[in-house]
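K.L.:
I have a structure here, written as structure tokens, and I will follow up with some questions on it.
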Amino acid sequence: MAEDLNWAVGGEAGDGIDSTGKIFAQALARAGRHVFTSKDFASRIRGGYTAYKIRTSVEEVQSVVDRLDILVALTQRTIDENLDELHDGSAIIYDGERSWEAEIPDEMTAVDVPLKSLAEDAGGAIMRNIVALGAACEITGFDVEYLDEALEKRFGGKGSQIVENNKEAARLGQEYVAENYDLEHLGYSVETTDNDYVLLNGNEAIGMGAIAAGCRFYAGYPITPATSIMEYLTGRIEDYGGHVVQAEDELSAINMALGGARAGARAMTATSGAGIDLMTETFGLVATSETPLVIADVQRSGPSTGMPTKQEQGDLNMALYGGHGEVPRFVITPTSITECFWKTVEAFNLAEKYQTPVFLVSDLAMSVTEQTFPPEAFDMDDVEIDRGKLVDDDEVDEWLDAQGHFRAHAVTDDGVSPRAIPGTVDGAHMSTGLEHDELGRRTEDQDERVRQVDKRYRKVETAQEEEDWDYREFGDEDADNLIISWGSNEGALVEALDYLEEDGIDVRVISVPYIFPRPDLSEEIEAADDVIVVECNATGQFADLIEHDVLTRVKRINKYTGVRFKADELAEQITEQLSAEVPA
Amino acid sequence: MSSDVRFTDFKSDKQPTWCPGCGDFGTMNGMMKALAETGNDPDNTFVVAGIGCSGKIGTYMHSYALHGVHGRALPVGTGVKMARPDIEVMVAGGDGDGYSIGAGHFVHAVRRNVDMSYVVMDNRIYGLTKGQASPTSRSDFETSTTPEGPKQPPVNPLALALASGASFIAQSFASDALRHQEIVQKAIEHDGFGFVNVFSPCVTFNDVDTYDYFRDNLVDLQDEGHDPNDYEAAKEVILDSDKEYQGVMYQDENSVPYHEKHGVTEDMSDIPDGAPEDAMDLVREFY
């Protein structure tokens, strides 16, 4: 198991918790350590409890665990909220000079540092969090030089004075602890390596994947937790000749993206639950007009406004079945932050190859979690772009009818028609959400209707045959216990394997990045004694699909508290489920 | 494409299913003529329409076109223009489509000042659903859903556009073919969002706002010596509910369209075969 250190900073929203945590995470990444971060935050701008947690190790870390070693607490609530995770060896850094009197359990080590006054000595009270970071460095023996690098990256744009002041603040914090405390008995040390790692979250990976895949037009409406995709693209996509429009609502956003796609651009929109509901109106039009479009849904707790800043995987049924009538679509569910990148690239290729909407379904846990990777995990040389049957001026002729009309919805063996974008000579045509003939013109002819419906579904059949609807696998391939998961649960499951192994339990884990089409798991399920489906929702939407596919009952682990799975917690629940009866 | 484009090139061979005598025939003819007259051809033109009688226009015209969902034609047009500043974009709508379900989009398309023309066939009734009140119906207009009239003032689309910061506001009458074509042409030529509200009578369900009514009551702003660059004069005409006007009410000569203001100039359909050459920079940013 990874020899890891768990660190957190917490206070009120508006206290700069997020940037403090990010700076420390970047410092650790620069020191060649792996980092996995998580956030506790509420749906408010200022006030209330918020925390940024970092788990770090020299080995890869992919999950949060129930343990906190170092806690920077700016409020009592930060201590209270995390009591379960604190242990006898935990050190709590706080500012005893401030108006609150910290209540810290006796067995823990209280490290009282005058954060505010030391920050003022360095040039401003605003840097008190940085003083705390310096103090944390001293406790763990982490070289403050790495922190300096992270401070340069963070504040470099604001001038050298600001950078110097921050470095000074960190040093004052470090020195204060060195002079006033002897904490060697806690036994913390932070090993560094020469590895270069990048640190990013799932939404950044989606945005990066979109640009790499040639997405040039993005329209969206701000909604937690999808907004950071738009924020990432804004300011970067322009460098590649693209543009982001902040639409007036989600209805507009998806229609703008649709317009961009019909004009020939690789286009995308992203939203979360409630926004998907609004977009659903246009969803059928995207499918019926055979427009390539990527629609990302970064799930959060629903229904209705639910818990906007909390985790859930509750939109699966919506992605599969949303919209009136029957509509062919692809549903892809990245299972890790690197997969957020690669599946976004794949989503654009699938959308254009098959001229269909592609749902890219991610979730809050992945969107706010930052994780370290070797940069090669995002090797741009491996990005392939397939624009499908896009025809140019010379190829149009093959697809004209006797009257010279372009057959934009031509019925073909593979279900995919030629695609002409504006400007293509003789390619002019209309497309519509009405049932239509090969030219895109409205029809209610019974035979034509059947031909077009079949044609659109034939695309899915073709894709099922031609593409790899694979899964990722971990653990012991021959184990009798099979765990199936989708989306962001993968990391916690992989780490849960270590805990289970300690207890002598062998498990095979299958992590599925495709919901529709999806891999056929019947052989794997038949070979297993116990099958458990893990997901962050109450009803087991993916478990339902699996049961439907293989006509057998499976066990389920469902979590819908609004918090993602933790590795140790999962291991415990898996053990429990293995000895339980299969539900009737 | 060749420079000798005729307006009939914009015509499809599909026979319109509009009622005989519908104002939409004249409205569409003027649109096609205006497109040809301004040097466009079907291969570089994109026409977007929503739902309703007006929405059928994409079928009867020949160009790149999308027949969208109810009220959402303007966002589609915006997307097309963003991706392809080189393409002429025309959006067609109706009064229900544009001022009821699509009212929110109208306000925002206007204030974005996207370089496209928006032609609304305003017949002051819901035609395709067989005669219910529309947002521009008179407050005492009796329909199947408003037996005593809507009892609320009609939307003034021109005022809505003005309040939203429009750079081009015009109104025309489907039956005054030459003037209608000329006004739509000006909307196309305008650098920015060219909005034209067209009186397009519904001969089946509206017996109040008829051809005769408009013929008798229409005041042509050209005859009045109206200066469209004069904002105050435009305001007066637009807020005058006693008369029906045709002509260009307002045009901002300094209008800068959205794509120019935002530096959107590239053809976004043209992308490399793989990731962009310097794409690893995107990764390095996360060091």
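Just so we're on the same page: first chain in the structure tokens is A, next is B, and so on; residues restart at 1 for each chain, and ligands are numbered from 1 in the order they show up.
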Please list as a VMD selection string every residue within 7 Å of Thr288 (chain A), counting only C-alpha atoms and excluding residues in the same chain fewer than 3 positions away.
P.N.:
chain A and resid 284 to 285 433
K.L.:
Got a sec to tell me which of region 99-285 of chain B DSSP assigns to strand (DSSP E), as a list in words?
P.N.:
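Put together, the selection reads Ser117, Tyr118, Val119, Val120, Met121, Asp122, Phe168, Ile169, Ala170, Gln171, Ser172, Phe173, Gly194, Phe195, Val196, Asn197, Val198, Phe199, Leu218, Val219, Asp220, Glu244, Tyr245, Gln246, Gly247, Val248, Met249, Tyr250 and Gln251 of chain B.
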K.L.:
Quick check, in Å to one decimal: how far apart do CA of Asp240 (chain B) and CA of Arg112 (chain B) lie?
P.N.:
26.0 Å
K.L.:
Residues within 6 Å of Met256 (chain A), please, as a list of chain:residue names. Count only C-alpha atoms; anything in the same chain fewer than 4 positions from it doesn't count.
P.N.:
A:Ser252, B:Pro75, B:Val76, B:Thr78, B:Gly79
K.L.:
Using only C-alpha atoms, can you tell me which of B:His108, B:Arg84, B:Lys56, B:Lys235 comes closest to Thr17 (chain B)?
P.N.:
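Under the stated criterion, the closest residue is B:Lys56.
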